[in-house]
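To keep things clear, I will list the structure first and then write my remarks on it.
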Amino acid sequence: MSKTILAVDDSASMRQLVGFTLRSAGFTVIEAFDGQDALDKLQAPLHLVLTDLNMPRLDGLGLTRAIRATANYRYTPILLLTTESDPARKLEAKSAGATGWLVKPFQPEQLLATIKKVLG
Amino acid sequence: MSDANQMGDPRLAFCEEARDLLIDLEAALLELENDPRDAETIGRVFRALHTIKGSGAMFGFDEVASFTHNLESAYDLVRSGELAVTPALISLTLCARDHILHLLESSLGHTALNRTPGLAILGAIREFADVRNAVPPPVDLTSSVAALKEFKIRFAPPVDLFLRGSNLLPLFDELRELGDLDIHADISALPPLAELLPDHCYLVWNLRLSASCTPEAIRDVFLFVDDGESLTITAVEDAPEVAPADEAVETPPGENPGTAARPATTSLRVPAAKLDELINIVGELVTIQARLTRFATQSGDIEIAHIAEETERLTSLLRDNTMSLRMLPLEATFARYRRLVRDLAGELGKQIDLSTVGGDTELDKSVIDQIADPLVHLIRNSVDHGIETPEQRRRLGKPACGRLVLSASHSGSQVLIQVSDDGNGIDPVRVRAKAIEKGLVDPRAELSESEIFSLIFRTGFSTAASVSSVSGRGVGMDVVKRNVESLRGSIDVTSTLGQGTVFTLKLPLTLAIIDGLLVRVAAQYFVFPVVQVIECLEVKTDTLLRGREFIEVRGKLVPLVFLHRFFRLGSGPGIRTQILVAQTTSGDFGFVVDAVIGDHKTVIKQLGPLCQQVEAVSGATILGDGSIALILDVDKLAHSALADAARPTAFPYSWTGPPTIAACTPCPDFNL
């Protein structure tokens, strides 16, 4: 069975690119346009969450905290896709419960390699 | 692959999205100008820039990304309060925004790239903020290759490792890809079962790896699980590596993720062609449905009548919903004019406050697209000729800042859009004098004020006493009027000298549905647009047939068009005949038909390519019994009737003898 990934980004073209990359690699992809939308779309089985950091309504960090606070998804890996590479910001993300991050811009292969690092 | 088809070209998708973001950016900047401290708006500006930069780099628009990066850095300073928002900064950002659009267009090959304004803008931005990293640092992916070495790796993960969603198995798999790996788990820290928390990690791993890689490459594997002190890598010959010191990090004040400040709209992008197709199909459904209703009524079967009734209800719901899909709020269009007014006012040294009312009024997308240019012209006109300079206004006792109001509202099946200003108004005496000078009116004619004002829409009447760069661009009010009328709308102007001018546009809600009047000529049905019909008359045919081409309606002579003759249908009117008096661009006309059947709201179907050049017919619709009714373009009909009448061969006419097919030029062949 293919693994399910929730891809969260307020940029439709990013969602499209990420969605296309992941679907081409055989994943099932759920897309959400911001953190709040992502929370509304949480559904089992969910193997991984990919989220942008900077979003309206609920940002990536807020989403990460909210997911960690939901019993069913406490252990679901969360990867942040962001243009920010500031170490302080990374630590903040970590303490929020993020599993890892990938700095934009990235190549589709990098994205897949990073996902493999998390999902095996 | 079907996914690829659905996706289209992601680069184009990005461009479309970037254009939307730039529009939003512009709106946010203009709002920011009014309220320079509004954190929410600053956030919006920053987010738009951030997304353009991030996605731009993703989709290979490097020039866009690096240019936007500088702006983003500046607005990061604004966000943190280190840089104040000034009108100069807004102006600069607006220019930069235009340049980003230019960069986008040129990357797509639409225009030739011109970097010069970009360099000037960048220079100016650097003056505002000390922006250093012009280009985002590239991610270094290369690691130097070394000879095969043996590493001792001690990994003591933080206890909350699993609570961050990490899984160690894939990491060890990844290490195995680097070289030979030997794994030992140290279970000494494991507490007694009663005290053991199942989601905590108590284990420490000792690994031996022989690989030809650098310690950095190993660290890279543990990228997500290493918090800076849990990993120790020792090359077997080397001295133990010192773990990096703990970094002190300030945690930000708690956020409140639940409260949403700006509601995001959930929306889908659908190509307009798909919508048109849907509307077309729904149109056919409506037709079939009408047939079903007719059949059900005739059959007298209650069961079928019941089904037909239910279908009718659903069909009309479906039709209304489908139509509403094409409806867009005018807000976005209005927002674009904000910039226009701001720039124009600046150029002309005027102070103008633009306010918009009823931006949530919805209008068919194709109407919005076609109304944009006429509105620009009206606004330019108001800014240039209407509103006075601050000095003039002060002298007249008006506030120095002029007011321009754009408003939209519903009125039945029409939308009213008004452009009103509090400027000097239109001088009827000057307009009249000018019209006489141009030979548009007879010097002796007595004209009411509204008739005088309507002269400004006449071809050949140029409003600009002095042609300025702003409104003297070769497009007159006559073009505005023609554009509006081609949308089956109308335009009116009222003005009070010294107090201002109001232009009122009346537009149909949609171009896909027409409110029509169904008429019959011989066996053929036609639809007249109701908005143009003034009245219906019934007269005795013999009063018309004595070669009379006119009829007197309320003291006015109205020329007649005999549709039988025009379309060569049947043998002429019966004893009594109906006349539809309609407003056309060539004046009022009477159209002679056999019967007026009644009000008919209908979905317009375009004629096939074979019949596109038929001037007097704008479309067709299918009636409940499956027969076709042609929708008449009354303006063109009147126009070609005038042209026909001017041709001597058209007289004398006779009703006798059916025409040959070759003679049927104005009449499309319905059976095709």
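Letters for chains follow the order of the structure tokens (A, B, ...), residue numbers begin at 1 for each chain, and ligand numbers begin at 1 in the order shown.
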* **Within 12 Å of B:Asn321 using only C-alpha atoms, minus same-chain residues under 5 positions, as a ChimeraX atom specification** => /B:275,278-279,282,314-316,326-327
Serialized selection, N, CA and C atoms, as a PDB file, in the first residue's frame:
```pdb
ATOM      1  N   LEU B 275     -15.377  25.910 -18.004  1.00  0.00           N
ATOM      2  CA  LEU B 275     -16.620  26.484 -17.486  1.00  0.00           C
ATOM      3  C   LEU B 275     -17.596  26.736 -18.628  1.00  0.00           C
ATOM      4  N   LEU B 278     -19.188  23.634 -19.581  1.00  0.00           N
ATOM      5  CA  LEU B 278     -20.197  23.247 -18.602  1.00  0.00           C
ATOM      6  C   LEU B 278     -21.488  24.036 -18.817  1.00  0.00           C
ATOM      7  N   ILE B 279     -21.332  25.336 -19.040  1.00  0.00           N
ATOM      8  CA  ILE B 279     -22.503  26.180 -19.242  1.00  0.00           C
ATOM      9  C   ILE B 279     -23.264  25.740 -20.490  1.00  0.00           C
ATOM     10  N   VAL B 282     -25.141  22.612 -19.632  1.00  0.00           N
ATOM     11  CA  VAL B 282     -26.294  22.931 -18.803  1.00  0.00           C
ATOM     12  C   VAL B 282     -27.385  23.559 -19.661  1.00  0.00           C
ATOM     13  N   LEU B 314     -34.351  20.826 -10.022  1.00  0.00           N
ATOM     14  CA  LEU B 314     -32.917  20.572  -9.967  1.00  0.00           C
ATOM     15  C   LEU B 314     -32.193  21.273 -11.119  1.00  0.00           C
ATOM     16  N   THR B 315     -32.819  21.249 -12.289  1.00  0.00           N
ATOM     17  CA  THR B 315     -32.173  21.862 -13.448  1.00  0.00           C
ATOM     18  C   THR B 315     -31.976  23.351 -13.243  1.00  0.00           C
ATOM     19  N   SER B 316     -33.001  24.000 -12.692  1.00  0.00           N
ATOM     20  CA  SER B 316     -32.843  25.444 -12.532  1.00  0.00           C
ATOM     21  C   SER B 316     -31.817  25.748 -11.443  1.00  0.00           C
ATOM     22  N   ARG B 326     -19.149  31.522 -12.855  1.00  0.00           N
ATOM     23  CA  ARG B 326     -18.420  32.506 -13.656  1.00  0.00           C
ATOM     24  C   ARG B 326     -18.413  33.881 -13.001  1.00  0.00           C
ATOM     25  N   MET B 327     -19.132  33.999 -11.896  1.00  0.00           N
ATOM     26  CA  MET B 327     -19.255  35.303 -11.253  1.00  0.00           C
ATOM     27  C   MET B 327     -18.042  35.591 -10.371  1.00  0.00           C
TER      28      MET B 327
END
```
* To do: Could you list, as a PyMOL selection string, the residues of chain B having an atom within 6 Å of chain A when counting only C-alpha atoms?
  => chain B and resi 13-14+57-58+163-166+170+224+257+260
* **Nearest candidate to B:Leu340 (options B:Leu94, B:Leu292, B:Ser450, B:Ser73; using only C-alpha atoms)** => B:Leu94
* If you run DSSP on the backbone, which residues of stretch 518-582 of chain B are strand (DSSP E or B), as a ChimeraX atom specification? -> /B:518-521,524-529,533-540,550-553,556-562,576-582
* Asked: What separation in Å, quoted to one decimal, exists between atom CA of B:Thr510 and atom CA of B:Arg482?
  ->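 So the two atoms, atom CA of B:Thr510 and atom CA of B:Arg482, lie 17.7 Å apart.
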* Distance of atom CA of B:Arg154 from atom CA of B:Leu190, expressed in Å to one decimal place ->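 Value for the atom CA of B:Leu190-atom CA of B:Arg154 distance: 16.9 Å.
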